[in-house]
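Asks: Have a look at this one.
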Amino acid sequence: GSHEEAPAVRVIHYAGAEVMGGLLAHVQILARELIVSGHEVSVILSPASAIDGAAEACARGGAGVERLTVKGKGDLAGMAALGRMIERGRPDIFHVHLSSPIEAIPAILAARVGGARHIVTTEHAPTWLPLERSYSRVAKKAACRIVDRVIAVCRSDAWFLQERFGIS
């Protein structure tokens with residue numbers, strides 16, 4: 001018999017980086033490869049002019065691009081705007097690329113409210129020093145419990161997340 005192709009998955013990547021670097025290079029590669037594989041991809045990036053190149057590269061590769069920053073847990077307008085973007089995009093996967101849990105929690109909550117089917121986070125810098133603050137550790141544990149998957153970029157980060165935060 002004929003086999004049907006897997007249906008396209010709608011993915012929204014959300015990255016708060018305001019400077020070019022490894023995190024945005026990672027997002028560009030993921031977006032490009034997902035698009036080449038037949039998936040629908042959007043990226044929500046910071047409006048910072050320093051990352052215009054990343055936004056343009058994503059758009060050239062076929063990704064929908066929106067610019068928005070949610071400035072921490074007190075930015076209710078930013079959270080609401082992100083929630084509306086997610087609601088409009090109806091993603092199967094909302095993929096968060098943020099190093100700080102204080103940054104990530106509002107985005108994760110907006111994704112839940114916006115109706116994202118699955119929420120994934122890539123931990124780009126889990127050993128970053130400010131995460132040693134007690135409220136950051138609590139926030140990190142909370143953030144990682146309300147997402148569906150946590151991705152580490154290397155074995156040592158995975159081990160660190162498991163040992164320090166009990167994240168599988």
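Labeling convention for the structure tokens: chains A, B, ... as they appear, residues from 1 per chain, ligands from 1 in order of appearance.
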Residues of chain A in strand (DSSP E or B) according to DSSP, as number ranges by chain?

Replies: A: 10-15, 40-45, 64-67, 93-97, 118-123, 149-152

Asks: Residues of the last selection are to be written out with C-alpha atoms, as a PDB file, in the first residue's frame.

Replies:
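Here's the written file out27.pdb:
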ATOM      1  CA  ARG A  10       3.818  23.783  13.349  1.00  0.00           C
ATOM      2  CA  VAL A  11       6.734  25.014  15.476  1.00  0.00           C
ATOM      3  CA  ILE A  12       7.276  28.417  17.052  1.00  0.00           C
ATOM      4  CA  HIS A  13      10.772  29.143  18.360  1.00  0.00           C
ATOM      5  CA  TYR A  14      10.987  31.905  20.964  1.00  0.00           C
ATOM      6  CA  ALA A  15      14.414  33.380  21.756  1.00  0.00           C
ATOM      7  CA  GLU A  40       5.895  25.141   9.352  1.00  0.00           C
ATOM      8  CA  VAL A  41       8.216  27.338  11.401  1.00  0.00           C
ATOM      9  CA  SER A  42       7.878  30.753  12.987  1.00  0.00           C
ATOM     10  CA  VAL A  43      10.384  32.517  15.183  1.00  0.00           C
ATOM     11  CA  ILE A  44       9.710  35.197  17.759  1.00  0.00           C
ATOM     12  CA  LEU A  45      12.888  37.183  18.336  1.00  0.00           C
ATOM     13  CA  GLY A  64       7.619  33.558   9.763  1.00  0.00           C
ATOM     14  CA  VAL A  65       9.346  36.177  11.911  1.00  0.00           C
ATOM     15  CA  GLU A  66       7.854  38.322  14.658  1.00  0.00           C
ATOM     16  CA  ARG A  67       9.755  40.605  17.019  1.00  0.00           C
ATOM     17  CA  ILE A  93       5.408  22.802  19.558  1.00  0.00           C
ATOM     18  CA  PHE A  94       6.426  26.033  21.273  1.00  0.00           C
ATOM     19  CA  HIS A  95      10.218  25.869  21.687  1.00  0.00           C
ATOM     20  CA  VAL A  96      11.694  28.253  24.269  1.00  0.00           C
ATOM     21  CA  HIS A  97      15.367  29.254  23.982  1.00  0.00           C
ATOM     22  CA  HIS A 118       3.595  20.954  23.546  1.00  0.00           C
ATOM     23  CA  ILE A 119       6.244  23.146  25.176  1.00  0.00           C
ATOM     24  CA  VAL A 120       9.930  22.345  24.850  1.00  0.00           C
ATOM     25  CA  THR A 121      12.870  24.276  26.255  1.00  0.00           C
ATOM     26  CA  THR A 122      16.523  24.098  25.274  1.00  0.00           C
ATOM     27  CA  GLU A 123      18.800  24.886  28.198  1.00  0.00           C
ATOM     28  CA  ARG A 149      10.631  18.271  27.339  1.00  0.00           C
ATOM     29  CA  VAL A 150      13.942  19.792  28.403  1.00  0.00           C
ATOM     30  CA  ILE A 151      16.809  19.646  25.913  1.00  0.00           C
ATOM     31  CA  ALA A 152      20.428  19.989  27.017  1.00  0.00           C
TER      32      ALA A 152
END

Asks: May I ask for the distance between CA of Trp159 in chain A and CA of Ile146 in chain A, given in Å to one decimal place?

Replies: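 Distance reported for this atom pair: 19.8 Å.
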
Asks: Between CA of Ala81 in chain A and CA of Arg112 in chain A, what is the spacing in Å?

Replies: 13.4 Å

Asks: Identify which of the residues A:Ser168, A:Cys58, A:Asp75, A:Gln162 lies closest to Leu30 in chain A, counting only C-alpha atoms when measuring atom-to-atom distances.

Replies: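 Going through A:Ser168, A:Cys58, A:Asp75, A:Gln162 one by one, the smallest distance to Leu30 in chain A is for A:Cys58.
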
Asks: Figure out the distance between CA of Leu82 in chain A and CA of Gly115 in chain A, please, to one decimal in Å.

Replies: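 Result for CA of Gly115 in chain A versus CA of Leu82 in chain A: 11.4 Å, one decimal.
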
Asks: List every residue of range 5-161 of chain A that DSSP, applied to the backbone of this structure, places in helix (DSSP H, G or I), and write the result as a PyMOL selection string.

Replies: chain A and resi 22-36+49-60+76-89+101-114+129-132+134-145+155-161
